[in-house]
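Q: To start, I am sharing the structure in question, which I have written as structure tokens.
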Amino acid sequence: MIRRRTQAYSAGRGLRDAAAPVARALAGSGAVTSLLLTAHAAVNMHLTRRPTNTPVDVAERISILIPARDEAERIGATLRGVLAQQGLRDLEVVVLDDGSHDDTARIVKEMAERDPRLRLVIGSDEPPPDGWLGKSWACHRLAQEATGSVLVFIDADVHLAPAAVAATVRMMRDGGLDLLSPYPHQVAETWAERITQPMVTWSWVTALPARLTETKHYPSMAAAVGQFLVVDARAYRISGGHAAVSDMILEDVGVLRAFKRAGFRGAPADGSAVARCRMYTGPAQIYEGYTKSVWSAFQPEPAAYGLIAVMLLAYVAPPIFAVAGPDRRTRLWGLAGYASGVAGRVVVARQTGERIWPDAFAQPVSIAAFVGLLSASLRGHRAGTLTWRGRPLP
């Protein structure tokens, strides 16, 4: 019996010894990948455009366009911030009530009666026309109503600083851009939000080279957020605007890609100093909100699974190797990879005003949650079961 135990121990040790080089290679690869991505994020945060809440004067006509569906709880605060914008000599605000079942339209109408710059357009609760998704159809209708030389699309849950629009328009014009999309500060209060919402800005800052996104017309180098999207009206109409991306779930990224295809320039920006948004308020909303659309950002599907593999290797595997690696070298590589991932989260959070500690320590959990949401989104898309606010999605 002692001999059998000795043989079993020797066999187990032999397997561990054989697996050690593989574990070291994986841990080292993950750490190096994480270090490179963190360095890239640090450079990007330095180069990324960042509108500030500094009053400037804008003479051209500005159209702020807001699609709203069942936003009675938030639309009033949003509109008060919009109507209080500074530095805009010629402003119109158009709200499209997109078939709301609450008091959204009544609230907007009452505010419009007190401020002639605000106008309400009543949409329909009927499904959008064939080939259109609801958000794109609403934005397209708003653009048709607009008369400004600059169109500013914002979501009904976005709160703007007093100089947000003027500062962004000035930055777009001075930079020779046709589109600028400042990512608002993502308000995160519950534990589920604190895990997932920092990924909204972190993802593009880490993945996309900031200045190349402005000059190159590759569709893959496109990041934009419909929460706050500022566009030149002429370029919007020439490129097709939302009509060019009528069936895209991520219509914001699609609009930027349409601009690039038409030869125009656009880019994302760090808008944390001029706008804030609380997208979701708990796990159920987060799950539904992300699974409805995130699949479309990573196509074709094999590329999505390649991304999942890289993210697991660079951010989830390192802390596992740091604790359970078969030898000291593997554990050190794992520790280095984990520390680098945390540092990347800190680099972005420090600039965007997001909570840093202790949340940054949970970066592997955030990545694992994102991987889970992406995987569920891909499955839902294949099965044809995705919906949003009661409307089926392709």
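Ordering of the structure tokens sets the chain letters (A, B, ...); residue numbers start at 1 within each chain; ligands are numbered from 1 in the order shown.
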Select from segment 218-385 of chain A everything DSSP, run on the backbone, classes as helix (DSSP H, G or I), then give the selection as a ChimeraX atom specification.
A: /A:233-239,241-245,251-261,283-291,294-297,301-324,328-352,359-383
Q: If you run DSSP over the backbone, which residues in segment 88-230 of chain A end up strand (DSSP E)? Put them as a tab-separated table (two decimals) with C-alpha atoms, in the first residue's frame.
A:
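The result, stored in states_26.tsv:
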chain	number	residue	atom	x	y	z
A	88	LEU	CA	-25.34	78.95	-27.20
A	89	ARG	CA	-26.72	82.01	-28.99
A	90	ASP	CA	-29.18	80.08	-31.15
A	91	LEU	CA	-30.63	76.92	-29.62
A	92	GLU	CA	-33.55	74.64	-30.39
A	93	VAL	CA	-34.44	71.53	-28.39
A	94	VAL	CA	-36.62	68.83	-29.94
A	95	VAL	CA	-37.96	65.87	-27.97
A	96	LEU	CA	-39.55	62.91	-29.73
A	97	ASP	CA	-42.00	61.05	-27.51
A	118	LEU	CA	-38.32	73.50	-26.69
A	119	ARG	CA	-40.58	71.57	-29.02
A	120	LEU	CA	-42.35	68.21	-28.61
A	121	VAL	CA	-42.86	65.78	-31.49
A	122	ILE	CA	-45.32	62.96	-30.88
A	150	VAL	CA	-24.91	71.09	-35.52
A	151	LEU	CA	-27.02	68.19	-34.27
A	152	VAL	CA	-26.58	67.08	-30.66
A	153	PHE	CA	-28.18	63.74	-29.84
A	154	ILE	CA	-28.51	62.97	-26.13
A	158	VAL	CA	-28.05	62.26	-19.50
A	159	HIS	CA	-27.32	65.27	-17.31
A	160	LEU	CA	-25.20	68.00	-18.90
A	179	LEU	CA	-18.38	64.10	-35.17
A	180	LEU	CA	-17.38	64.08	-31.53
A	181	SER	CA	-18.88	61.72	-28.97
A	182	PRO	CA	-18.00	62.54	-25.35
A	183	TYR	CA	-18.54	59.50	-23.12
A	184	PRO	CA	-20.38	60.72	-20.00
A	185	HIS	CA	-19.27	59.84	-16.50
A	186	GLN	CA	-21.04	56.55	-15.82
A	228	PHE	CA	-23.97	62.21	-26.16
A	229	LEU	CA	-23.29	62.47	-29.89
A	230	VAL	CA	-22.41	65.78	-31.56
Q: Have a look at A:Lys109, A:Arg211, A:Arg80, A:Arg74 and name the one nearest to Val43 of chain A; count only C-alpha atoms.
A: A:Arg211
Q: Neighbours of Arg265 of chain A within 9 Å (only C-alpha atoms; same-chain residues fewer than 3 positions away dropped), as a list in words?
A: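 The residues that qualify are Gly176, Leu177, Asp178, Leu179, Leu180, Thr213, Glu214, Thr215, Lys216, His217, Leu256, Phe259 and Lys260 of chain A.
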Q: Would you list the contacts of Val205 of chain A as an MDAnalysis selection string, taking every protein, DNA or RNA residue within 7 Å and counting only C-alpha atoms, but skipping same-chain residues closer than 2 positions in sequence?
A: chainID A and resid 41 44:45 201:203 207:208
Q: Next, write the just-selected residues to a file, as a PDB file, in the first residue's frame, keeping C-alpha atoms as the atom set.
A:
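Listed below is the output, part.pdb:
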ATOM      1  CA  ALA A  41      -4.603  52.986 -21.926  1.00  0.00           C
ATOM      2  CA  ASN A  44      -4.655  57.086 -24.701  1.00  0.00           C
ATOM      3  CA  MET A  45      -5.869  58.921 -21.612  1.00  0.00           C
ATOM      4  CA  THR A 201     -15.146  53.882 -21.119  1.00  0.00           C
ATOM      5  CA  TRP A 202     -12.330  51.531 -20.108  1.00  0.00           C
ATOM      6  CA  SER A 203     -12.981  49.256 -23.094  1.00  0.00           C
ATOM      7  CA  ALA A 207      -8.462  48.943 -27.134  1.00  0.00           C
ATOM      8  CA  LEU A 208      -8.455  51.831 -29.624  1.00  0.00           C
TER       9      LEU A 208
END
Q: For the contact check between segment 220-322 of chain A and segment 141-144 of chain A, emit one row per residue of segment 220-322 of chain A within 10 Å, containing the shortest atom pair and the distance in Å rounded to one decimal, counting only C-alpha atoms, chain then rising number order, as CSV.
A:
residue,atom,partner,partner_atom,distance
A:Ala233,CA,A:Ala143,CA,8.5
A:Tyr236,CA,A:Ala143,CA,9.0
A:Arg237,CA,A:Ala143,CA,9.0
A:Gly241,CA,A:Ala143,CA,8.7
A:His242,CA,A:Ala143,CA,8.8
A:Ala243,CA,A:Arg141,CA,9.7
Q: Skipping near chain neighbours, those fewer than 2 positions away, what residues fall within 9 Å of segment 360-370 of chain A using only C-alpha atoms, listed as a VMD selection string?
A: chain A and resid 194 to 199 290 311 to 312 315 to 319 338 to 339 341 to 346 349 355 to 358 372 to 375
Q: Write to file, as an mmCIF file, in the first residue's frame, the residues of the selection just made, with C-alpha atoms.
A:
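Generated file (part.cif):
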data_model
loop_
_atom_site.group_PDB
_atom_site.id
_atom_site.type_symbol
_atom_site.label_atom_id
_atom_site.label_comp_id
_atom_site.auth_asym_id
_atom_site.auth_seq_id
_atom_site.Cartn_x
_atom_site.Cartn_y
_atom_site.Cartn_z
ATOM 1 C CA ARG A 194 -19.834 49.196 -9.993
ATOM 2 C CA ILE A 195 -18.695 45.949 -11.575
ATOM 3 C CA THR A 196 -19.971 46.578 -15.097
ATOM 4 C CA GLN A 197 -20.334 50.300 -15.815
ATOM 5 C CA PRO A 198 -16.632 51.262 -15.655
ATOM 6 C CA MET A 199 -16.143 48.981 -18.660
ATOM 7 C CA TYR A 290 -26.082 44.711 -22.479
ATOM 8 C CA MET A 311 -9.586 39.036 -22.050
ATOM 9 C CA LEU A 312 -9.674 35.867 -19.977
ATOM 10 C CA TYR A 315 -7.336 39.756 -16.823
ATOM 11 C CA VAL A 316 -9.034 36.691 -15.339
ATOM 12 C CA ALA A 317 -6.289 34.066 -15.482
ATOM 13 C CA PRO A 318 -3.514 36.126 -13.775
ATOM 14 C CA PRO A 319 -5.061 36.256 -10.272
ATOM 15 C CA TYR A 338 -3.200 41.066 -11.876
ATOM 16 C CA ALA A 339 -1.418 44.213 -10.691
ATOM 17 C CA GLY A 341 -4.959 44.922 -14.785
ATOM 18 C CA VAL A 342 -5.753 46.848 -11.613
ATOM 19 C CA ALA A 343 -3.405 49.644 -12.726
ATOM 20 C CA GLY A 344 -5.212 49.901 -16.068
ATOM 21 C CA ARG A 345 -8.517 50.326 -14.270
ATOM 22 C CA VAL A 346 -6.976 52.998 -12.022
ATOM 23 C CA ALA A 349 -10.942 55.810 -13.367
ATOM 24 C CA ARG A 355 -14.642 55.227 -7.987
ATOM 25 C CA ILE A 356 -11.090 53.859 -7.770
ATOM 26 C CA TRP A 357 -10.795 51.974 -4.475
ATOM 27 C CA PRO A 358 -11.660 49.275 -3.700
ATOM 28 C CA GLY A 372 -20.592 36.486 -19.453
ATOM 29 C CA LEU A 373 -22.766 39.270 -20.880
ATOM 30 C CA LEU A 374 -21.112 39.016 -24.295
ATOM 31 C CA SER A 375 -21.548 35.250 -24.370
#
Q: Which neighbours of Thr48 of chain A fall inside 7 Å, counting only C-alpha atoms, when residues of the same chain fewer than 5 positions from it are skipped, and could you give them as a PDB file with N, CA and C atoms, in the first residue's frame?
A:
ATOM      1  N   ALA A 210      -6.174  56.405 -29.716  1.00  0.00           N
ATOM      2  CA  ALA A 210      -7.021  57.599 -29.706  1.00  0.00           C
ATOM      3  C   ALA A 210      -6.923  58.425 -30.978  1.00  0.00           C
ATOM      4  N   ALA A 269     -14.534  60.868 -27.120  1.00  0.00           N
ATOM      5  CA  ALA A 269     -13.848  61.763 -26.205  1.00  0.00           C
ATOM      6  C   ALA A 269     -14.227  61.385 -24.781  1.00  0.00           C
ATOM      7  N   ASP A 270     -13.437  61.853 -23.847  1.00  0.00           N
ATOM      8  CA  ASP A 270     -13.757  61.677 -22.434  1.00  0.00           C
ATOM      9  C   ASP A 270     -14.661  62.820 -22.017  1.00  0.00           C
TER      10      ASP A 270
END
Q: Do a neighbour search on Val32 of chain A at 12 Å with only C-alpha atoms, toss out local chain neighbours closer than 2 positions, and write the hits as a PyMOL selection string.
A: chain A and resi 24-30+34-39+310+313-315+318+333-341
Q: Any chance you could export the current selection's N, CA and C atoms as a PDB file, in the first residue's frame?
A:
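And here is the file that came out, again-v5.pdb:
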ATOM      1  N   ARG A  24       3.377  28.455 -16.775  1.00  0.00           N
ATOM      2  CA  ARG A  24       4.253  29.632 -16.807  1.00  0.00           C
ATOM      3  C   ARG A  24       4.075  30.401 -18.107  1.00  0.00           C
ATOM      4  N   ALA A  25       3.965  29.674 -19.220  1.00  0.00           N
ATOM      5  CA  ALA A  25       3.790  30.335 -20.513  1.00  0.00           C
ATOM      6  C   ALA A  25       2.477  31.103 -20.561  1.00  0.00           C
ATOM      7  N   LEU A  26       1.402  30.493 -20.049  1.00  0.00           N
ATOM      8  CA  LEU A  26       0.104  31.171 -20.048  1.00  0.00           C
ATOM      9  C   LEU A  26       0.123  32.382 -19.117  1.00  0.00           C
ATOM     10  N   ALA A  27       0.695  32.197 -17.925  1.00  0.00           N
ATOM     11  CA  ALA A  27       0.759  33.303 -16.977  1.00  0.00           C
ATOM     12  C   ALA A  27       1.611  34.439 -17.526  1.00  0.00           C
ATOM     13  N   GLY A  28       2.732  34.105 -18.134  1.00  0.00           N
ATOM     14  CA  GLY A  28       3.594  35.132 -18.709  1.00  0.00           C
ATOM     15  C   GLY A  28       2.930  35.852 -19.865  1.00  0.00           C
ATOM     16  N   SER A  29       2.257  35.101 -20.721  1.00  0.00           N
ATOM     17  CA  SER A  29       1.563  35.720 -21.853  1.00  0.00           C
ATOM     18  C   SER A  29       0.456  36.651 -21.374  1.00  0.00           C
ATOM     19  N   GLY A  30      -0.298  36.198 -20.383  1.00  0.00           N
ATOM     20  CA  GLY A  30      -1.359  37.043 -19.847  1.00  0.00           C
ATOM     21  C   GLY A  30      -0.811  38.307 -19.223  1.00  0.00           C
ATOM     22  N   SER A  34      -1.529  42.097 -20.539  1.00  0.00           N
ATOM     23  CA  SER A  34      -2.134  43.062 -19.633  1.00  0.00           C
ATOM     24  C   SER A  34      -1.262  44.307 -19.494  1.00  0.00           C
ATOM     25  N   LEU A  35       0.049  44.120 -19.386  1.00  0.00           N
ATOM     26  CA  LEU A  35       0.962  45.254 -19.264  1.00  0.00           C
ATOM     27  C   LEU A  35       0.910  46.147 -20.499  1.00  0.00           C
ATOM     28  N   LEU A  36       0.889  45.530 -21.677  1.00  0.00           N
ATOM     29  CA  LEU A  36       0.830  46.309 -22.910  1.00  0.00           C
ATOM     30  C   LEU A  36      -0.480  47.085 -23.020  1.00  0.00           C
ATOM     31  N   LEU A  37      -1.579  46.448 -22.667  1.00  0.00           N
ATOM     32  CA  LEU A  37      -2.877  47.133 -22.743  1.00  0.00           C
ATOM     33  C   LEU A  37      -2.973  48.268 -21.733  1.00  0.00           C
ATOM     34  N   THR A  38      -2.389  48.076 -20.556  1.00  0.00           N
ATOM     35  CA  THR A  38      -2.393  49.146 -19.560  1.00  0.00           C
ATOM     36  C   THR A  38      -1.545  50.328 -20.025  1.00  0.00           C
ATOM     37  N   ALA A  39      -0.386  50.048 -20.615  1.00  0.00           N
ATOM     38  CA  ALA A  39       0.448  51.120 -21.151  1.00  0.00           C
ATOM     39  C   ALA A  39      -0.287  51.876 -22.250  1.00  0.00           C
ATOM     40  N   VAL A 310      -8.700  36.403 -25.248  1.00  0.00           N
ATOM     41  CA  VAL A 310      -7.657  37.368 -24.863  1.00  0.00           C
ATOM     42  C   VAL A 310      -7.977  37.999 -23.513  1.00  0.00           C
ATOM     43  N   LEU A 313      -7.386  35.567 -20.706  1.00  0.00           N
ATOM     44  CA  LEU A 313      -5.952  35.350 -20.513  1.00  0.00           C
ATOM     45  C   LEU A 313      -5.297  36.532 -19.809  1.00  0.00           C
ATOM     46  N   ALA A 314      -5.665  37.754 -20.206  1.00  0.00           N
ATOM     47  CA  ALA A 314      -4.979  38.938 -19.700  1.00  0.00           C
ATOM     48  C   ALA A 314      -5.489  39.408 -18.347  1.00  0.00           C
ATOM     49  N   TYR A 315      -6.760  39.138 -18.020  1.00  0.00           N
ATOM     50  CA  TYR A 315      -7.336  39.756 -16.823  1.00  0.00           C
ATOM     51  C   TYR A 315      -7.927  38.776 -15.804  1.00  0.00           C
ATOM     52  N   PRO A 318      -4.635  35.748 -14.648  1.00  0.00           N
ATOM     53  CA  PRO A 318      -3.514  36.126 -13.775  1.00  0.00           C
ATOM     54  C   PRO A 318      -3.768  35.969 -12.278  1.00  0.00           C
ATOM     55  N   TRP A 333       4.366  35.755 -12.183  1.00  0.00           N
ATOM     56  CA  TRP A 333       3.776  36.253 -13.432  1.00  0.00           C
ATOM     57  C   TRP A 333       2.299  36.592 -13.231  1.00  0.00           C
ATOM     58  N   GLY A 334       1.605  35.702 -12.515  1.00  0.00           N
ATOM     59  CA  GLY A 334       0.191  35.946 -12.251  1.00  0.00           C
ATOM     60  C   GLY A 334      -0.022  37.210 -11.441  1.00  0.00           C
ATOM     61  N   LEU A 335       0.824  37.426 -10.434  1.00  0.00           N
ATOM     62  CA  LEU A 335       0.706  38.627  -9.617  1.00  0.00           C
ATOM     63  C   LEU A 335       0.971  39.883 -10.454  1.00  0.00           C
ATOM     64  N   ALA A 336       1.978  39.804 -11.331  1.00  0.00           N
ATOM     65  CA  ALA A 336       2.290  40.951 -12.194  1.00  0.00           C
ATOM     66  C   ALA A 336       1.121  41.257 -13.129  1.00  0.00           C
ATOM     67  N   GLY A 337       0.507  40.228 -13.690  1.00  0.00           N
ATOM     68  CA  GLY A 337      -0.629  40.430 -14.578  1.00  0.00           C
ATOM     69  C   GLY A 337      -1.822  41.022 -13.853  1.00  0.00           C
ATOM     70  N   TYR A 338      -2.083  40.527 -12.650  1.00  0.00           N
ATOM     71  CA  TYR A 338      -3.200  41.066 -11.876  1.00  0.00           C
ATOM     72  C   TYR A 338      -2.949  42.530 -11.520  1.00  0.00           C
ATOM     73  N   ALA A 339      -1.745  42.835 -11.053  1.00  0.00           N
ATOM     74  CA  ALA A 339      -1.418  44.213 -10.691  1.00  0.00           C
ATOM     75  C   ALA A 339      -1.543  45.146 -11.893  1.00  0.00           C
ATOM     76  N   SER A 340      -1.134  44.666 -13.050  1.00  0.00           N
ATOM     77  CA  SER A 340      -1.239  45.487 -14.256  1.00  0.00           C
ATOM     78  C   SER A 340      -2.696  45.748 -14.616  1.00  0.00           C
ATOM     79  N   GLY A 341      -3.538  44.734 -14.502  1.00  0.00           N
ATOM     80  CA  GLY A 341      -4.959  44.922 -14.785  1.00  0.00           C
ATOM     81  C   GLY A 341      -5.594  45.936 -13.854  1.00  0.00           C
TER      82      GLY A 341
END
Q: What gap, in Å, lies between atom CA of Gly148 of chain A and atom CA of Gly81 of chain A?
A: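 Value for the atom CA of Gly148 of chain A-atom CA of Gly81 of chain A distance: 19.2 Å.
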Q: Please measure the separation of atom CA of Gly123 of chain A and atom CA of Asp98 of chain A, giving the value in Å to one decimal.
A: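 Atom CA of Gly123 of chain A sits 4.7 Å away from atom CA of Asp98 of chain A.
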Q: From the list A:His40, A:Arg329, A:Arg49, A:Arg257, which residue is nearest Ala224 of chain A when using only C-alpha atoms?
A: A:Arg257
Q: Separation of atom CA of Glu189 of chain A and atom CA of Thr281 of chain A, in Å?
A: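 Going from atom CA of Glu189 of chain A over to atom CA of Thr281 of chain A, I get 7.7 Å.
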Q: Between A:Ser272, A:Gln86, A:Thr78, A:Ser246, which one has atoms that come closest to Ala59 of chain A, using only C-alpha atoms?
A: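 Smallest distance to Ala59 of chain A is found for A:Gln86.
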